[in-house]
$ cat protein.cif   # mmCIF, C-alpha atoms
data_model
loop_
_atom_site.label_atom_id
_atom_site.label_comp_id
_atom_site.auth_asym_id
_atom_site.auth_seq_id
_atom_site.Cartn_x
_atom_site.Cartn_y
_atom_site.Cartn_z
CA MET A 1 54.75 15.05 -56.92
CA ASN A 2 51.15 14.26 -57.85
CA GLN A 3 51.34 11.50 -60.49
CA LEU A 4 50.60 7.81 -59.81
CA ALA A 5 52.62 4.88 -61.17
CA ARG A 6 51.16 2.36 -63.67
CA ARG A 7 51.41 -1.07 -62.02
CA LEU A 8 48.16 -2.95 -62.80
CA GLY A 9 47.68 -5.47 -65.63
CA VAL A 10 44.44 -7.15 -66.79
CA PRO A 11 44.36 -9.83 -64.02
CA ASP A 12 45.03 -7.22 -61.33
CA ALA A 13 42.34 -4.91 -62.70
CA VAL A 14 39.80 -7.78 -62.81
CA ILE A 15 40.61 -8.65 -59.20
CA ILE A 16 39.98 -5.04 -58.17
CA GLY A 17 36.62 -5.17 -59.97
CA LEU A 18 35.62 -8.48 -58.38
CA GLY A 19 36.65 -7.27 -54.94
CA SER A 20 34.54 -4.16 -55.42
CA MET A 21 31.39 -6.04 -56.48
CA LEU A 22 31.47 -9.32 -54.53
CA GLY A 23 30.72 -7.62 -51.25
CA ALA A 24 27.93 -7.05 -48.82
CA GLY A 25 25.39 -6.57 -51.62
CA VAL A 26 25.24 -10.22 -52.63
CA PHE A 27 24.81 -11.28 -48.99
CA VAL A 28 21.89 -8.95 -48.20
CA VAL A 29 20.35 -7.27 -51.26
CA PHE A 30 18.30 -10.23 -52.55
CA GLY A 31 15.94 -9.79 -49.59
CA PRO A 32 14.80 -6.18 -50.18
CA ALA A 33 14.84 -6.78 -53.95
CA ALA A 34 12.50 -9.76 -53.59
CA ALA A 35 10.22 -7.69 -51.36
CA ALA A 36 9.95 -5.08 -54.10
CA ALA A 37 9.67 -7.36 -57.12
CA GLY A 38 8.13 -10.58 -55.83
CA GLY A 39 9.40 -14.00 -56.81
CA ALA A 40 8.66 -13.82 -60.52
CA GLY A 41 10.19 -10.35 -60.79
CA LEU A 42 13.54 -11.01 -59.07
CA LEU A 43 15.38 -12.57 -62.00
CA PRO A 44 14.12 -10.01 -64.56
CA ALA A 45 15.16 -7.24 -62.15
CA LEU A 46 18.62 -8.80 -61.81
CA VAL A 47 19.00 -9.12 -65.58
CA LEU A 48 17.86 -5.49 -66.03
CA ALA A 49 20.33 -4.25 -63.41
CA GLY A 50 23.07 -6.32 -65.06
CA PHE A 51 22.25 -4.98 -68.53
CA ILE A 52 22.33 -1.36 -67.36
CA ALA A 53 25.58 -2.10 -65.56
CA TYR A 54 26.93 -3.52 -68.84
CA CYS A 55 25.96 -0.34 -70.69
CA ASN A 56 27.66 1.69 -67.99
CA ALA A 57 30.71 -0.57 -68.10
CA THR A 58 31.03 -0.15 -71.87
CA SER A 59 30.87 3.63 -71.56
CA SER A 60 33.27 3.64 -68.60
CA ALA A 61 35.79 1.47 -70.45
CA ARG A 62 35.72 3.68 -73.58
CA LEU A 63 36.17 6.85 -71.56
CA ALA A 64 38.85 5.38 -69.28
CA ALA A 65 40.86 4.28 -72.30
CA ARG A 66 40.60 7.83 -73.69
CA TYR A 67 41.35 9.53 -70.33
CA PRO A 68 43.53 7.10 -68.33
CA GLU A 69 43.83 9.06 -65.11
CA SER A 70 42.40 8.88 -61.61
CA GLY A 71 38.95 10.27 -61.01
CA GLY A 72 36.64 8.26 -63.27
CA THR A 73 33.51 10.10 -64.39
CA TYR A 74 34.58 13.26 -62.58
CA VAL A 75 37.32 13.56 -65.22
CA TYR A 76 35.16 12.34 -68.13
CA GLY A 77 32.34 14.74 -67.28
CA ARG A 78 34.71 17.71 -67.14
CA GLU A 79 36.43 16.81 -70.39
CA ARG A 80 33.33 15.95 -72.42
CA LEU A 81 30.44 17.88 -70.82
CA GLY A 82 32.02 20.72 -68.87
CA PRO A 83 33.16 21.47 -65.31
CA PHE A 84 29.66 21.46 -63.79
CA ALA A 85 28.83 17.94 -65.00
CA GLY A 86 32.20 16.70 -63.84
CA PHE A 87 31.79 18.26 -60.42
CA LEU A 88 28.29 16.81 -60.02
CA ALA A 89 29.58 13.32 -60.84
CA GLY A 90 32.54 13.64 -58.50
CA TRP A 91 30.44 15.11 -55.69
CA GLY A 92 27.83 12.37 -55.98
CA PHE A 93 30.48 9.67 -56.04
CA VAL A 94 32.46 10.95 -53.08
CA VAL A 95 29.40 11.61 -50.88
CA GLY A 96 27.52 8.45 -51.84
CA LYS A 97 30.53 6.17 -51.58
CA THR A 98 31.63 7.72 -48.29
CA ALA A 99 28.24 6.72 -46.89
CA SER A 100 28.78 3.26 -48.37
CA CYS A 101 32.19 3.03 -46.67
CA ALA A 102 30.58 3.80 -43.33
CA ALA A 103 27.83 1.24 -43.98
CA MET A 104 30.40 -1.43 -44.87
CA ALA A 105 32.45 -0.67 -41.77
CA LEU A 106 29.40 -0.85 -39.50
CA THR A 107 28.41 -4.16 -41.13
CA ILE A 108 31.81 -5.56 -40.18
CA GLY A 109 31.23 -4.40 -36.62
CA ALA A 110 27.75 -5.91 -36.50
CA TYR A 111 29.08 -9.31 -37.59
CA LEU A 112 32.20 -9.42 -35.44
CA TRP A 113 31.13 -7.69 -32.19
CA PRO A 114 27.54 -6.42 -32.20
CA GLY A 115 27.87 -4.79 -28.79
CA GLN A 116 30.78 -2.63 -29.97
CA ALA A 117 29.93 -2.31 -33.65
CA ARG A 118 31.09 1.30 -33.98
CA LEU A 119 34.42 0.64 -32.29
CA VAL A 120 35.11 -2.34 -34.54
CA ALA A 121 34.04 -0.29 -37.55
CA VAL A 122 36.59 2.41 -36.74
CA GLY A 123 39.28 -0.28 -36.42
CA ALA A 124 38.28 -1.70 -39.81
CA VAL A 125 38.54 1.72 -41.48
CA LEU A 126 41.99 2.28 -39.97
CA ALA A 127 43.16 -1.19 -41.02
CA VAL A 128 42.10 -0.94 -44.69
CA THR A 129 43.48 2.60 -44.90
CA ALA A 130 46.82 1.34 -43.60
CA VAL A 131 46.85 -1.35 -46.33
CA ASN A 132 45.96 1.16 -49.05
CA LEU A 133 48.64 3.58 -47.90
CA ARG A 134 51.29 0.93 -48.59
CA GLY A 135 50.57 1.10 -52.31
CA ILE A 136 48.22 -0.31 -54.94
CA GLY A 137 50.29 -3.51 -55.10
CA LYS A 138 49.44 -4.30 -51.48
CA THR A 139 45.78 -3.48 -52.16
CA VAL A 140 45.67 -5.97 -55.05
CA THR A 141 47.46 -8.69 -53.05
CA VAL A 142 45.05 -8.45 -50.12
CA THR A 143 42.03 -8.16 -52.44
CA ARG A 144 43.09 -11.30 -54.33
CA GLY A 145 43.06 -13.33 -51.12
CA LEU A 146 39.72 -11.89 -50.01
CA VAL A 147 38.09 -12.58 -53.40
CA ALA A 148 39.26 -16.22 -53.32
CA LEU A 149 37.71 -16.74 -49.88
CA VAL A 150 34.43 -15.05 -50.86
CA LEU A 151 34.13 -17.12 -54.04
CA ALA A 152 34.65 -20.28 -51.99
CA VAL A 153 31.87 -19.29 -49.58
CA LEU A 154 29.45 -18.41 -52.39
CA ALA A 155 30.19 -21.73 -54.09
CA LEU A 156 29.50 -23.51 -50.79
CA VAL A 157 26.10 -21.80 -50.49
CA ALA A 158 25.16 -22.77 -54.06
CA VAL A 159 26.21 -26.41 -53.62
CA VAL A 160 24.49 -26.80 -50.24
CA GLY A 161 21.32 -25.16 -51.57
CA VAL A 162 21.16 -27.47 -54.58
CA ALA A 163 22.18 -30.63 -52.71
CA GLY A 164 19.94 -30.00 -49.71
CA GLY A 165 16.85 -31.20 -51.54
CA ASP A 166 14.70 -28.12 -50.85
CA LEU A 167 15.40 -26.37 -54.16
CA SER A 168 12.20 -25.99 -56.21
CA LEU A 169 12.35 -24.16 -59.52
CA ASP A 170 8.57 -23.68 -59.33
CA ARG A 171 9.24 -20.98 -56.70
CA LEU A 172 10.89 -18.85 -59.37
CA GLY A 173 7.40 -18.07 -60.63
CA ASP A 174 5.93 -17.07 -57.26
CA PRO A 175 3.56 -14.13 -57.81
CA GLY A 176 4.08 -10.71 -56.37
CA GLY A 177 5.47 -7.33 -57.32
CA SER A 178 4.54 -5.10 -60.23
CA GLY A 179 6.20 -3.35 -63.13
CA ARG A 180 7.37 -0.54 -60.89
CA GLY A 181 8.39 -3.14 -58.31
CA VAL A 182 10.76 -4.70 -60.82
CA LEU A 183 12.31 -1.29 -61.49
CA THR A 184 12.68 -0.65 -57.76
CA ALA A 185 14.27 -4.07 -57.29
CA ALA A 186 16.62 -3.45 -60.22
CA GLY A 187 17.71 -0.16 -58.63
CA LEU A 188 18.43 -1.93 -55.34
CA LEU A 189 20.22 -4.80 -57.08
CA PHE A 190 22.38 -2.25 -58.91
CA PHE A 191 24.03 -1.64 -55.53
CA ALA A 192 25.48 -5.16 -55.75
CA PHE A 193 27.06 -4.36 -59.15
CA ALA A 194 28.36 -0.87 -58.40
CA GLY A 195 32.10 -1.42 -58.26
CA TYR A 196 33.14 -2.55 -61.73
CA ALA A 197 34.10 1.02 -62.61
CA ARG A 198 36.62 1.02 -59.77
CA ILE A 199 38.95 -0.18 -62.51
CA ALA A 200 38.31 3.04 -64.40
CA THR A 201 38.66 5.10 -61.22
CA LEU A 202 42.17 3.65 -60.84
CA GLY A 203 42.91 4.28 -64.53
CA GLU A 204 46.10 6.21 -63.82
CA GLU A 205 47.63 3.07 -62.25
CA VAL A 206 46.76 0.66 -65.11
CA ARG A 207 49.42 -0.42 -67.61
CA ASP A 208 48.49 0.02 -71.29
CA PRO A 209 45.05 1.43 -70.36
CA GLN A 210 43.72 1.51 -73.95
CA ARG A 211 43.99 -2.30 -73.98
CA THR A 212 43.66 -3.26 -70.31
CA ILE A 213 40.58 -1.33 -69.22
CA PRO A 214 38.21 -2.32 -72.09
CA ARG A 215 39.10 -5.97 -71.39
CA ALA A 216 39.02 -5.93 -67.60
CA VAL A 217 35.75 -4.06 -66.99
CA PRO A 218 33.38 -6.32 -69.03
CA LEU A 219 35.22 -9.45 -67.86
CA ALA A 220 34.78 -8.60 -64.18
CA LEU A 221 31.14 -7.64 -64.72
CA GLY A 222 30.36 -10.83 -66.66
CA VAL A 223 31.82 -13.07 -63.96
CA VAL A 224 29.82 -11.30 -61.26
CA LEU A 225 26.54 -11.37 -63.21
CA ALA A 226 26.88 -15.13 -63.72
CA ILE A 227 27.52 -15.64 -60.00
CA TYR A 228 24.56 -13.46 -59.03
CA LEU A 229 22.17 -15.29 -61.38
CA VAL A 230 23.13 -18.66 -59.89
CA LEU A 231 22.73 -17.37 -56.33
CA ALA A 232 19.41 -15.68 -57.14
CA VAL A 233 18.02 -18.97 -58.50
CA VAL A 234 19.28 -20.89 -55.46
CA THR A 235 18.03 -18.44 -52.84
CA LEU A 236 14.61 -18.02 -54.45
CA GLY A 237 14.31 -21.73 -55.20
CA VAL A 238 15.14 -22.72 -51.62
CA LEU A 239 13.43 -19.98 -49.62
CA GLY A 240 10.54 -18.90 -51.86
CA ALA A 241 9.53 -15.29 -52.47
CA ASP A 242 7.87 -14.59 -49.11
CA ARG A 243 10.64 -15.94 -46.93
CA LEU A 244 13.34 -14.36 -49.08
CA ALA A 245 11.59 -10.98 -48.91
CA GLY A 246 11.70 -11.05 -45.11
CA SER A 247 15.26 -12.32 -44.79
CA ALA A 248 18.04 -10.10 -43.50
CA ALA A 249 20.68 -12.73 -44.35
CA PRO A 250 19.36 -14.80 -47.28
CA LEU A 251 22.50 -16.86 -47.86
CA VAL A 252 22.64 -17.84 -44.19
CA ASP A 253 19.00 -18.89 -44.38
CA VAL A 254 19.72 -21.01 -47.47
CA VAL A 255 22.25 -23.24 -45.70
CA THR A 256 20.01 -23.43 -42.63
CA VAL A 257 16.92 -24.49 -44.59
CA ALA A 258 19.04 -26.93 -46.60
CA GLY A 259 19.83 -28.79 -43.38
CA GLN A 260 23.30 -27.42 -42.65
CA PRO A 261 22.80 -24.85 -39.87
CA GLY A 262 26.35 -25.50 -38.69
CA LEU A 263 27.62 -23.78 -41.82
CA ALA A 264 25.86 -20.53 -40.98
CA TRP A 265 28.98 -19.21 -39.26
CA VAL A 266 31.00 -19.91 -42.42
CA VAL A 267 28.60 -17.79 -44.47
CA ARG A 268 28.69 -15.01 -41.89
CA ALA A 269 32.49 -15.13 -41.94
CA GLY A 270 32.37 -14.96 -45.74
CA ALA A 271 30.11 -11.92 -45.55
CA THR A 272 32.56 -10.22 -43.20
CA ILE A 273 35.47 -10.98 -45.53
CA ALA A 274 33.50 -9.71 -48.51
CA VAL A 275 32.66 -6.46 -46.74
CA ILE A 276 36.33 -5.95 -45.85
CA GLY A 277 37.21 -6.40 -49.53
CA VAL A 278 34.62 -3.84 -50.62
CA LEU A 279 35.73 -1.37 -47.95
CA LEU A 280 39.34 -1.79 -49.09
CA SER A 281 38.50 -0.96 -52.72
CA LEU A 282 35.97 1.74 -51.81
CA VAL A 283 38.44 3.74 -49.76
CA ALA A 284 40.97 3.41 -52.61
CA GLY A 285 38.41 4.53 -55.22
CA VAL A 286 37.07 7.49 -53.24
CA GLY A 287 40.63 8.54 -52.49
CA ARG A 288 41.47 8.62 -56.22
CA THR A 289 38.38 10.67 -57.07
CA THR A 290 39.24 13.06 -54.24
CA LEU A 291 42.75 13.34 -55.70
CA ALA A 292 41.35 14.21 -59.13
CA MET A 293 38.99 16.84 -57.71
CA ALA A 294 41.79 18.36 -55.63
CA ARG A 295 44.01 18.63 -58.70
CA ARG A 296 41.39 20.90 -60.28
CA ARG A 297 40.69 22.76 -57.04
CA ASP A 298 37.14 21.44 -56.70
CA LEU A 299 38.41 20.18 -53.34
CA PRO A 300 41.30 21.63 -51.29
CA GLY A 301 44.50 21.51 -53.33
CA ALA A 302 46.48 20.03 -50.43
CA LEU A 303 44.69 16.70 -51.07
CA ALA A 304 46.35 16.38 -54.49
CA ALA A 305 49.65 15.09 -53.07
CA VAL A 306 51.02 11.64 -54.02
CA HIS A 307 53.36 9.81 -51.64
CA PRO A 308 56.90 9.76 -53.13
CA VAL A 309 57.60 6.16 -52.04
CA TYR A 310 54.28 4.27 -52.09
CA GLN A 311 52.76 6.19 -55.03
CA VAL A 312 49.33 6.64 -53.42
CA PRO A 313 47.23 9.77 -52.79
CA HIS A 314 48.00 9.55 -49.08
CA ARG A 315 46.45 12.84 -47.97
CA ALA A 316 43.23 12.14 -49.87
CA GLU A 317 42.92 8.64 -48.43
CA VAL A 318 43.58 9.83 -44.88
CA ALA A 319 40.97 12.58 -45.33
CA VAL A 320 38.42 10.07 -46.66
CA ALA A 321 39.11 7.73 -43.75
CA ALA A 322 38.65 10.57 -41.27
CA VAL A 323 35.24 11.51 -42.73
CA VAL A 324 34.14 7.86 -42.77
CA ILE A 325 35.10 7.49 -39.11
CA VAL A 326 33.03 10.57 -38.20
CA VAL A 327 30.01 9.11 -40.03
CA VAL A 328 30.56 5.74 -38.34
CA LEU A 329 30.64 7.33 -34.88
CA LEU A 330 27.76 9.78 -35.31
CA GLY A 331 25.63 8.79 -38.27
CA ASP A 332 22.85 6.35 -39.05
CA VAL A 333 23.56 4.66 -42.37
CA ARG A 334 20.78 2.05 -42.42
CA ASP A 335 19.44 3.59 -45.63
CA ALA A 336 22.87 3.69 -47.28
CA ILE A 337 21.98 1.12 -49.97
CA GLY A 338 19.20 3.23 -51.48
CA PHE A 339 21.07 6.52 -50.98
CA SER A 340 24.26 5.16 -52.52
CA SER A 341 22.34 3.60 -55.42
CA CYS A 342 20.67 6.93 -56.21
CA THR A 343 23.85 9.01 -56.28
CA VAL A 344 25.82 6.34 -58.13
CA LEU A 345 23.09 5.95 -60.77
CA VAL A 346 23.31 9.70 -61.42
CA TYR A 347 27.10 9.32 -61.59
CA TYR A 348 26.75 6.66 -64.30
CA ALA A 349 24.10 8.68 -66.13
CA ILE A 350 26.78 11.35 -66.54
CA THR A 351 29.22 8.61 -67.66
CA ASN A 352 26.87 7.58 -70.45
CA ALA A 353 26.15 11.19 -71.43
CA ALA A 354 29.90 11.78 -71.74
CA ALA A 355 30.31 8.60 -73.80
CA LEU A 356 27.63 9.81 -76.22
CA THR A 357 29.98 12.63 -77.23
CA LEU A 358 32.77 10.27 -78.32
CA GLY A 359 31.16 9.34 -81.64
CA ARG A 360 30.54 5.94 -83.17
CA GLU A 361 33.38 3.43 -83.15
CA SER A 362 33.91 1.26 -86.20
CA GLY A 363 33.91 -2.51 -86.15
CA ARG A 364 31.00 -2.90 -83.70
CA ARG A 365 27.81 -4.71 -84.63
CA LEU A 366 25.81 -2.79 -82.07
CA PRO A 367 26.87 0.85 -82.05
CA VAL A 368 28.26 1.77 -78.70
CA GLN A 369 26.24 4.97 -78.92
CA VAL A 370 23.08 2.88 -78.55
CA LEU A 371 24.46 1.24 -75.40
CA ALA A 372 25.39 4.64 -73.99
CA GLY A 373 21.90 5.98 -74.70
CA LEU A 374 20.25 2.95 -73.12
CA GLY A 375 22.56 3.24 -70.12
CA LEU A 376 21.69 6.91 -69.67
CA ALA A 377 17.95 6.28 -69.84
CA GLY A 378 18.20 3.18 -67.66
CA CYS A 379 20.18 4.91 -64.91
CA LEU A 380 17.69 7.76 -64.63
CA LEU A 381 14.73 5.36 -64.74
CA LEU A 382 16.11 3.21 -61.93
CA ALA A 383 17.12 6.25 -59.85
CA VAL A 384 13.62 7.79 -59.80
CA ASN A 385 12.03 4.41 -59.02
CA LEU A 386 14.05 3.82 -55.85
CA PRO A 387 12.26 4.19 -52.49
CA LEU A 388 11.10 7.80 -52.03
CA GLY A 389 13.37 8.48 -49.06
CA SER A 390 16.43 7.39 -51.03
CA VAL A 391 15.43 9.55 -54.00
CA LEU A 392 14.89 12.65 -51.84
CA ALA A 393 18.13 12.16 -49.92
CA GLY A 394 20.19 11.44 -53.03
CA PHE A 395 18.93 14.31 -55.14
CA GLY A 396 18.96 16.61 -52.12
CA VAL A 397 22.68 16.01 -51.58
CA LEU A 398 23.35 16.50 -55.30
CA ALA A 399 21.40 19.77 -55.23
CA VAL A 400 23.42 21.05 -52.25
CA GLY A 401 26.68 20.24 -54.04
CA ALA A 402 25.49 21.84 -57.28
CA ALA A 403 24.44 25.03 -55.48
CA TRP A 404 27.77 25.27 -53.67
CA HIS A 405 29.70 24.76 -56.93
CA LEU A 406 27.69 27.42 -58.78
CA LEU A 407 28.08 29.94 -55.95
CA ARG A 408 31.82 29.32 -55.83
CA GLN A 409 32.10 29.78 -59.58
CA ARG A 410 30.16 33.02 -59.40
CA ALA A 411 32.38 34.26 -56.57
CA ARG A 412 35.44 33.58 -58.72
#
$ encode --input "protein.cif" --output "structure tokens"
Amino acid sequence: MNQLARRLGVPDAVIIGLGSMLGAGVFVVFGPAAAAAGGAGLLPALVLAGFIAYCNATSSARLAARYPESGGTYVYGRERLGPFAGFLAGWGFVVGKTASCAAMALTIGAYLWPGQARLVAVGAVLAVTAVNLRGIGKTVTVTRGLVALVLAVLALVAVVGVAGGDLSLDRLGDPGGSGRGVLTAAGLLFFAFAGYARIATLGEEVRDPQRTIPRAVPLALGVVLAIYLVLAVVTLGVLGADRLAGSAAPLVDVVTVAGQPGLAWVVRAGATIAVIGVLLSLVAGVGRTTLAMARRRDLPGALAAVHPVYQVPHRAEVAVAAVVIVVVLLGDVRDAIGFSSCTVLVYYAITNAAALTLGRESGRRLPVQVLAGLGLAGCLLLAVNLPLGSVLAGFGVLAVGAAWHLLRQRAR
């Protein structure tokens, strides 16, 4: 048995998307983005990242409605562009998101027990894997609770920042950054959006996918973009460009500067909860892509099994968890944001290239082909403007995977 059951409606799919995006990114990424773009460049960088994410979301939704099965762009690339493009997308997603899983787990450890961060991280991976193995229904239930708590914490930060009296909109125009700095910041901020397509990755478990996915993906993305814009204005308006650029925990600093240092622990707890939510959806998403690749023998065929009772790719998820634990115990994932952004931007570039082959849909004022073309160009532009180390690592890993795939094809 290797087919998954369709159990998710529009609200469930939106919750999965929110849980995937409202994670560690929003708690940490404004700092490095402000350092790259300066005060005046932060909001344009956020809008640019959001627009490219919208282009990607439109392409992902169209493709997921056409190919409603697990695997996301790995499947779309194979069907529309050929096996090599599909493999490259799947390889980039699995490797990049596995690094992200390890980074999220280590972040949980750093917040909860800094002296034993790796041990706590392993426990977190085992816990979320256990939840995912009980079925997608359990994943949605837990994610719904986590999203509610995270939204409450983010609302608290915004209210305290505005009411604290230190918010100055003049700081939104603080100088600093350059044109390339805005692109670099947009690439880093994209990390905080990367998750909306988890809905597409779980396409095989969505009811009425032709209707559900095109509604759920833009809805989840729109909610998150609105939240991020409010928080960007508050953090920059309270802290200013220089202080924000040097902050490792901007939202914690906002409540402290606003005169409520006692609430710092609440924000840290919210960050921990958010990271757990992202880790939960990441492991589920990587497991589904692994399942799709195993079905086509791009990964070991034994990973294509689906549990007969819980209807989850149990072998794939256990394998993903095992690799994440190894990375947690042995690896250094401090550069995971840039590395993950690079590989995921290439992944979405392939998404948009695949969407370009679908043809123009009727009844749209702005042809979706234009959005797909802009998304393709935008993804590549942001990818090459990331920090040099991230670009070299990301494209290096993609090159290794591509070489292995070509050699294996030639051997066949």
$ closest_atom_pairs --input "protein.cif" --of "range 2-115 of chain A" --to "range 222-229 of chain A" --cutoff "10 Å" --atoms "all atoms listed in the file" --output "JSON lines"
{"residue": "A:Val14", "atom": "CA", "partner": "A:Val223", "partner_atom": "CA", "distance": 9.6}
{"residue": "A:Gly17", "atom": "CA", "partner": "A:Val224", "partner_atom": "CA", "distance": 9.2}
{"residue": "A:Leu18", "atom": "CA", "partner": "A:Val224", "partner_atom": "CA", "distance": 7.1}
{"residue": "A:Met21", "atom": "CA", "partner": "A:Val224", "partner_atom": "CA", "distance": 7.3}
{"residue": "A:Leu22", "atom": "CA", "partner": "A:Val224", "partner_atom": "CA", "distance": 7.2}
{"residue": "A:Val26", "atom": "CA", "partner": "A:Tyr228", "partner_atom": "CA", "distance": 7.2}
{"residue": "A:Phe30", "atom": "CA", "partner": "A:Tyr228", "partner_atom": "CA", "distance": 9.6}
{"residue": "A:Leu42", "atom": "CA", "partner": "A:Leu229", "partner_atom": "CA", "distance": 9.9}
{"residue": "A:Leu43", "atom": "CA", "partner": "A:Leu229", "partner_atom": "CA", "distance": 7.3}
{"residue": "A:Leu46", "atom": "CA", "partner": "A:Leu229", "partner_atom": "CA", "distance": 7.4}
{"residue": "A:Val47", "atom": "CA", "partner": "A:Leu229", "partner_atom": "CA", "distance": 8.1}
{"residue": "A:Ala49", "atom": "CA", "partner": "A:Leu225", "partner_atom": "CA", "distance": 9.4}
{"residue": "A:Gly50", "atom": "CA", "partner": "A:Leu225", "partner_atom": "CA", "distance": 6.4}
{"residue": "A:Phe51", "atom": "CA", "partner": "A:Leu225", "partner_atom": "CA", "distance": 9.4}
{"residue": "A:Ala53", "atom": "CA", "partner": "A:Leu225", "partner_atom": "CA", "distance": 9.6}
{"residue": "A:Tyr54", "atom": "CA", "partner": "A:Gly222", "partner_atom": "CA", "distance": 8.4}
$ residues_around --input "protein.cif" --residues "range 258-268 of chain A" --least-positions-apart "5" --cutoff "9 Å" --atoms "only C-alpha atoms" --output "number ranges by chain"
A: 27, 111, 153-154, 156-157, 160-167, 238, 249, 251-253, 273
$ residues_around --input "protein.cif" --residues "Gly173 in chain A" --least-positions-apart "3" --cutoff "12 Å" --atoms "all atoms listed in the file" --output "list in words"
Ala37, Gly38, Gly39, Ala40, Gly41, Leu42, Leu43, Pro44, Ser168, Leu169, Asp170, Gly176, Gly177, Val233, Leu236, Gly237, Gly240 and Ala241 of chain A
$ closest_residue --input "protein.cif" --among "A:Leu149, A:Ala35, A:Leu356, A:Leu330" --to "Val122 in chain A" --atoms "only C-alpha atoms"
A:Leu330
$ residues_near_point --input "protein.cif" --point "(23.0, -3.7, -56.8)" --cutoff "12 Å" --atoms "all atoms listed in the file" --output "PyMOL selection string"
chain A and resi 20-33+45-53+183-196+224-225+228+337-342+344-345+382-383+386
$ closest_atom_pairs --input "protein.cif" --of "range 63-148 of chain A" --to "range 395-400 of chain A" --cutoff "8 Å" --atoms "all atoms listed in the file" --output "CSV"
residue,atom,partner,partner_atom,distance
A:Leu88,CA,A:Leu398,CA,6.8
A:Trp91,CA,A:Leu398,CA,7.2
A:Gly92,CA,A:Leu398,CA,6.1
$ residues_around --input "protein.cif" --residues "Ile350 in chain A" --least-positions-apart "3" --cutoff "12 Å" --atoms "only C-alpha atoms" --output "PDB file with C-alpha atoms, in the frame of the given file"
ATOM      1  CA  ASN A  56      27.660   1.690 -67.990  1.00  0.00           C
ATOM      2  CA  SER A  59      30.870   3.630 -71.560  1.00  0.00           C
ATOM      3  CA  SER A  60      33.270   3.640 -68.600  1.00  0.00           C
ATOM      4  CA  LEU A  63      36.170   6.850 -71.560  1.00  0.00           C
ATOM      5  CA  GLY A  72      36.640   8.260 -63.270  1.00  0.00           C
ATOM      6  CA  THR A  73      33.510  10.100 -64.390  1.00  0.00           C
ATOM      7  CA  TYR A  74      34.580  13.260 -62.580  1.00  0.00           C
ATOM      8  CA  VAL A  75      37.320  13.560 -65.220  1.00  0.00           C
ATOM      9  CA  TYR A  76      35.160  12.340 -68.130  1.00  0.00           C
ATOM     10  CA  GLY A  77      32.340  14.740 -67.280  1.00  0.00           C
ATOM     11  CA  ARG A  78      34.710  17.710 -67.140  1.00  0.00           C
ATOM     12  CA  GLU A  79      36.430  16.810 -70.390  1.00  0.00           C
ATOM     13  CA  ARG A  80      33.330  15.950 -72.420  1.00  0.00           C
ATOM     14  CA  LEU A  81      30.440  17.880 -70.820  1.00  0.00           C
ATOM     15  CA  GLY A  82      32.020  20.720 -68.870  1.00  0.00           C
ATOM     16  CA  PHE A  84      29.660  21.460 -63.790  1.00  0.00           C
ATOM     17  CA  ALA A  85      28.830  17.940 -65.000  1.00  0.00           C
ATOM     18  CA  GLY A  86      32.200  16.700 -63.840  1.00  0.00           C
ATOM     19  CA  PHE A  87      31.790  18.260 -60.420  1.00  0.00           C
ATOM     20  CA  LEU A  88      28.290  16.810 -60.020  1.00  0.00           C
ATOM     21  CA  ALA A  89      29.580  13.320 -60.840  1.00  0.00           C
ATOM     22  CA  GLY A  90      32.540  13.640 -58.500  1.00  0.00           C
ATOM     23  CA  GLY A  92      27.830  12.370 -55.980  1.00  0.00           C
ATOM     24  CA  PHE A  93      30.480   9.670 -56.040  1.00  0.00           C
ATOM     25  CA  THR A 343      23.850   9.010 -56.280  1.00  0.00           C
ATOM     26  CA  VAL A 344      25.820   6.340 -58.130  1.00  0.00           C
ATOM     27  CA  LEU A 345      23.090   5.950 -60.770  1.00  0.00           C
ATOM     28  CA  VAL A 346      23.310   9.700 -61.420  1.00  0.00           C
ATOM     29  CA  TYR A 347      27.100   9.320 -61.590  1.00  0.00           C
ATOM     30  CA  ALA A 353      26.150  11.190 -71.430  1.00  0.00           C
ATOM     31  CA  ALA A 354      29.900  11.780 -71.740  1.00  0.00           C
ATOM     32  CA  ALA A 355      30.310   8.600 -73.800  1.00  0.00           C
ATOM     33  CA  LEU A 356      27.630   9.810 -76.220  1.00  0.00           C
ATOM     34  CA  THR A 357      29.980  12.630 -77.230  1.00  0.00           C
ATOM     35  CA  ALA A 372      25.390   4.640 -73.990  1.00  0.00           C
ATOM     36  CA  GLY A 373      21.900   5.980 -74.700  1.00  0.00           C
ATOM     37  CA  GLY A 375      22.560   3.240 -70.120  1.00  0.00           C
ATOM     38  CA  LEU A 376      21.690   6.910 -69.670  1.00  0.00           C
ATOM     39  CA  ALA A 377      17.950   6.280 -69.840  1.00  0.00           C
ATOM     40  CA  GLY A 378      18.200   3.180 -67.660  1.00  0.00           C
ATOM     41  CA  CYS A 379      20.180   4.910 -64.910  1.00  0.00           C
ATOM     42  CA  LEU A 380      17.690   7.760 -64.630  1.00  0.00           C
TER      43      LEU A 380
END
$ closest_residue --input "protein.cif" --among "A:Leu299, A:Cys55, A:Val131, A:Ala105" --to "Ile276 in chain A" --atoms "only C-alpha atoms"
A:Ala105
$ resolve_selection --input "protein.cif" --expression "the PyMOL selection byres ((chain A and resi 304-308) around 8)" --output "PyMOL selection string"
chain A and resi 1-4+290-292+294-295+300-303+309-316
$ closest_residue --input "protein.cif" --among "A:Gly394, A:Gly401, A:Pro250, A:Gly9" --to "Ala99 in chain A" --atoms "all atoms listed in the file"
A:Gly394
